[in-house]
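So the structure is just underneath, and the comments pick up after that.
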Amino acid sequence: MSETAMLTSNPYQGGERRGGTVGFALPGVSLRVQDDEGTSLPVGEIGGIQVKGPNIFKGYWRMPEKTKEEFTADGYFKTGDVGKIDERGYITIVGRSKDLIISGGYNVYPAEIEGYINELPGVAESALVGVPHPDFGEAGVAVVIAKPGATLDAGQIVAALKSKLANFKIPKQCLVVGELPRNTMGKVQKNLLHEQYKGLFA
């Protein structure tokens, strides 16, 4: 993050590099996972990642209210990342708190679903967004682009996910499109996808 510089690293020597994780907090960095009420969570439970250390910025320029909002009373910075720490101390990031979808009372983390979709044959990239749903509050919509020369079937993508994920995580709709909206940095603009598909279940 631009507010923090590097925070974690998988071991390069003298330790196991574990795929799917971001390794351990770097020396001097304190990292914890907390719920929305500010309670530290036990091993394996998902919550908001907070960090503290000499590499963390002091605050936003001329924005004292935003600074106060983004730091805890004991000086930890709320990264906005959602993740967990396993029994060996490895940290896994499952998504961003602003991307969280609450469907039928269950938390759905888009990064997890996107990971499964992106591994399917012919898929170049995907984005999962939450849109209003009359029964579930929110529902996941998967927007997928194909690799050059590949042809994708939205129904087959959903069927493939059903064998890998819990039912509440399955997108209620899958759309195959030509491209995903991006900003100048190349990052997918999920807010535009949300706006585009917010009336899908109306």
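Naming works like this for the structure tokens: A, B, ... for the chains as they're shown, residue 1 at the start of each chain, ligands 1 onward in shown order.
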DSSP strand (DSSP E) selection over chain A, as a PyMOL selection string:
chain A and resi 8-9+24-25+30-34+47-52+77-85+91-96+101-103+106-108+123-133+137-146+173-176
Export C-alpha atoms of the chosen residues as a PDB file, in the first residue's frame?
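What ended up in again-v2.pdb:
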ATOM      1  CA  THR A   8       4.766  -8.938   4.740  1.00  0.00           C
ATOM      2  CA  SER A   9       6.909 -11.408   2.857  1.00  0.00           C
ATOM      3  CA  PHE A  24       4.758 -13.329   7.641  1.00  0.00           C
ATOM      4  CA  ALA A  25       4.791  -9.754   8.883  1.00  0.00           C
ATOM      5  CA  SER A  30       2.918  -5.678  14.113  1.00  0.00           C
ATOM      6  CA  LEU A  31      -0.084  -7.182  12.307  1.00  0.00           C
ATOM      7  CA  ARG A  32      -3.415  -8.321  13.718  1.00  0.00           C
ATOM      8  CA  VAL A  33      -6.856  -9.418  12.503  1.00  0.00           C
ATOM      9  CA  GLN A  34      -9.894  -7.870  14.181  1.00  0.00           C
ATOM     10  CA  GLY A  47     -11.435 -10.178   9.754  1.00  0.00           C
ATOM     11  CA  GLY A  48      -9.929  -6.788   9.028  1.00  0.00           C
ATOM     12  CA  ILE A  49      -6.132  -6.606   8.803  1.00  0.00           C
ATOM     13  CA  GLN A  50      -4.527  -3.849  10.901  1.00  0.00           C
ATOM     14  CA  VAL A  51      -0.841  -2.932  11.005  1.00  0.00           C
ATOM     15  CA  LYS A  52       1.556  -0.881  13.101  1.00  0.00           C
ATOM     16  CA  PHE A  77      -3.737   1.427  10.659  1.00  0.00           C
ATOM     17  CA  LYS A  78      -6.817  -0.216   9.147  1.00  0.00           C
ATOM     18  CA  THR A  79      -5.576  -1.479   5.794  1.00  0.00           C
ATOM     19  CA  GLY A  80      -8.994  -2.254   4.333  1.00  0.00           C
ATOM     20  CA  ASP A  81      -7.764  -5.759   3.519  1.00  0.00           C
ATOM     21  CA  VAL A  82      -9.654  -8.745   4.878  1.00  0.00           C
ATOM     22  CA  GLY A  83      -7.722 -11.856   5.800  1.00  0.00           C
ATOM     23  CA  LYS A  84      -6.675 -14.458   8.340  1.00  0.00           C
ATOM     24  CA  ILE A  85      -3.603 -15.794  10.110  1.00  0.00           C
ATOM     25  CA  ILE A  91      -1.132 -14.422   6.555  1.00  0.00           C
ATOM     26  CA  THR A  92      -3.719 -14.895   3.806  1.00  0.00           C
ATOM     27  CA  ILE A  93      -5.590 -11.989   2.222  1.00  0.00           C
ATOM     28  CA  VAL A  94      -9.074 -12.917   1.021  1.00  0.00           C
ATOM     29  CA  GLY A  95     -10.171  -9.544  -0.337  1.00  0.00           C
ATOM     30  CA  ARG A  96     -10.985  -5.919   0.387  1.00  0.00           C
ATOM     31  CA  ILE A 101     -20.784  -9.204  -0.445  1.00  0.00           C
ATOM     32  CA  ILE A 102     -23.337 -10.134   2.230  1.00  0.00           C
ATOM     33  CA  SER A 103     -25.733 -12.592   0.606  1.00  0.00           C
ATOM     34  CA  TYR A 106     -23.369 -14.938   4.698  1.00  0.00           C
ATOM     35  CA  ASN A 107     -20.105 -13.150   3.945  1.00  0.00           C
ATOM     36  CA  VAL A 108     -18.827 -13.746   0.420  1.00  0.00           C
ATOM     37  CA  VAL A 123     -10.913 -17.847 -18.589  1.00  0.00           C
ATOM     38  CA  ALA A 124      -8.602 -14.837 -18.856  1.00  0.00           C
ATOM     39  CA  GLU A 125      -9.975 -12.856 -15.911  1.00  0.00           C
ATOM     40  CA  SER A 126     -13.075 -12.390 -13.793  1.00  0.00           C
ATOM     41  CA  ALA A 127     -14.636  -9.918 -11.407  1.00  0.00           C
ATOM     42  CA  LEU A 128     -17.327 -10.676  -8.842  1.00  0.00           C
ATOM     43  CA  VAL A 129     -19.556  -7.847  -7.645  1.00  0.00           C
ATOM     44  CA  GLY A 130     -22.498  -7.708  -5.297  1.00  0.00           C
ATOM     45  CA  VAL A 131     -25.775  -6.217  -6.545  1.00  0.00           C
ATOM     46  CA  PRO A 132     -29.155  -5.776  -4.850  1.00  0.00           C
ATOM     47  CA  HIS A 133     -31.333  -8.894  -4.671  1.00  0.00           C
ATOM     48  CA  GLY A 137     -30.131  -8.621   0.117  1.00  0.00           C
ATOM     49  CA  GLU A 138     -27.133  -8.885  -2.189  1.00  0.00           C
ATOM     50  CA  ALA A 139     -26.194 -11.443  -4.819  1.00  0.00           C
ATOM     51  CA  GLY A 140     -22.909 -12.130  -6.532  1.00  0.00           C
ATOM     52  CA  VAL A 141     -22.610 -11.461 -10.249  1.00  0.00           C
ATOM     53  CA  ALA A 142     -19.560 -12.898 -12.002  1.00  0.00           C
ATOM     54  CA  VAL A 143     -18.340 -10.918 -15.008  1.00  0.00           C
ATOM     55  CA  VAL A 144     -15.882 -12.978 -17.032  1.00  0.00           C
ATOM     56  CA  ILE A 145     -13.657 -12.426 -20.060  1.00  0.00           C
ATOM     57  CA  ALA A 146     -12.293 -15.242 -22.206  1.00  0.00           C
ATOM     58  CA  GLN A 173     -25.603 -14.730 -12.415  1.00  0.00           C
ATOM     59  CA  CYS A 174     -22.590 -15.130 -14.703  1.00  0.00           C
ATOM     60  CA  LEU A 175     -21.949 -12.870 -17.669  1.00  0.00           C
ATOM     61  CA  VAL A 176     -19.306 -13.341 -20.355  1.00  0.00           C
TER      62      VAL A 176
END
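With distances restricted to only C-alpha atoms, A:Thr72 is the closest residue to Asp36 in chain A from A:Gly19, A:Met6, A:Thr72, A:Glu195.
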For the atom pair CA of Val22 in chain A and CA of Glu45 in chain A, what is the interatomic distance in Å to one decimal place?
16.2 Å
Give the answer as one residue: which of A:Ala73, A:Met185, A:Leu120, A:Ile113 has the shortest atom-to-atom distance to Ile157 in chain A, using only C-alpha atoms?
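Closest to Ile157 in chain A of all the choices is A:Leu120.
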Would you compute the distance between CA of Glu65 in chain A and CA of Val29 in chain A? Give it in Å to one decimal.
24.6 Å
Can you work out which one of A:Phe168, A:Thr21, A:Gly89, A:Thr4 has the shortest atom-to-atom distance to Pro42 in chain A, counting only C-alpha atoms?
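Ranking A:Phe168, A:Thr21, A:Gly89, A:Thr4 by distance to Pro42 in chain A, first place goes to A:Gly89.
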As JSON, numbers by chain, which residues of range 33-154 of chain A does DSSP assign to alpha helix (DSSP H)?
{"A": [64, 65, 66, 67, 68, 69, 70, 110, 111, 112, 113, 114, 115, 116, 117, 118, 154]}
Would you compute the distance between CA of Arg88 in chain A and CA of Pro54 in chain A? Give it in Å to one decimal.
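Interatomic distance here is 24.2 Å.
Candidate residues A:Asp135, A:Glu70, A:Gly15, A:Ile56 were compared for distance to Ser2 in chain A, and the nearest is A:Ile56, using only C-alpha atoms.
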Long-range neighbours of Leu192 in chain A as a PDB file with N, CA and C atoms, in the first residue's frame, 10 Å cut-off, only C-alpha atoms, 3 positions minimum in chain:
ATOM      1  N   VAL A 129     -19.006  -9.015  -8.336  1.00  0.00           N
ATOM      2  CA  VAL A 129     -19.556  -7.847  -7.645  1.00  0.00           C
ATOM      3  C   VAL A 129     -20.894  -8.213  -7.023  1.00  0.00           C
ATOM      4  N   LEU A 180     -13.308  -5.804 -19.272  1.00  0.00           N
ATOM      5  CA  LEU A 180     -13.689  -5.271 -17.972  1.00  0.00           C
ATOM      6  C   LEU A 180     -13.268  -3.806 -17.898  1.00  0.00           C
ATOM      7  N   PRO A 181     -14.075  -2.950 -17.264  1.00  0.00           N
ATOM      8  CA  PRO A 181     -13.691  -1.534 -17.153  1.00  0.00           C
ATOM      9  C   PRO A 181     -12.486  -1.376 -16.237  1.00  0.00           C
ATOM     10  N   ARG A 182     -11.540  -0.559 -16.639  1.00  0.00           N
ATOM     11  CA  ARG A 182     -10.300  -0.379 -15.878  1.00  0.00           C
ATOM     12  C   ARG A 182      -9.979   1.109 -15.729  1.00  0.00           C
ATOM     13  N   VAL A 188      -9.314  -3.163 -12.299  1.00  0.00           N
ATOM     14  CA  VAL A 188     -10.727  -3.303 -12.640  1.00  0.00           C
ATOM     15  C   VAL A 188     -11.565  -2.387 -11.751  1.00  0.00           C
ATOM     16  N   GLN A 189     -12.450  -1.624 -12.352  1.00  0.00           N
ATOM     17  CA  GLN A 189     -13.313  -0.695 -11.626  1.00  0.00           C
ATOM     18  C   GLN A 189     -14.636  -1.387 -11.283  1.00  0.00           C
ATOM     19  N   GLU A 195     -22.613  -0.531 -10.807  1.00  0.00           N
ATOM     20  CA  GLU A 195     -23.581   0.419 -11.365  1.00  0.00           C
ATOM     21  C   GLU A 195     -24.261  -0.158 -12.600  1.00  0.00           C
ATOM     22  N   GLN A 196     -23.502  -0.853 -13.422  1.00  0.00           N
ATOM     23  CA  GLN A 196     -24.028  -1.402 -14.667  1.00  0.00           C
ATOM     24  C   GLN A 196     -25.051  -2.511 -14.421  1.00  0.00           C
ATOM     25  N   TYR A 197     -24.804  -3.318 -13.387  1.00  0.00           N
ATOM     26  CA  TYR A 197     -25.640  -4.511 -13.183  1.00  0.00           C
ATOM     27  C   TYR A 197     -26.534  -4.444 -11.942  1.00  0.00           C
ATOM     28  N   LYS A 198     -26.646  -3.262 -11.329  1.00  0.00           N
ATOM     29  CA  LYS A 198     -27.389  -3.169 -10.065  1.00  0.00           C
ATOM     30  C   LYS A 198     -28.876  -3.475 -10.238  1.00  0.00           C
TER      31      LYS A 198
END
Using only C-alpha atoms: which of A:Glu114, A:Asp86, A:Asp74, A:Glu69 has the shortest distance to Gly53 in chain A
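Result for the nearest residue to Gly53 in chain A: A:Asp74.
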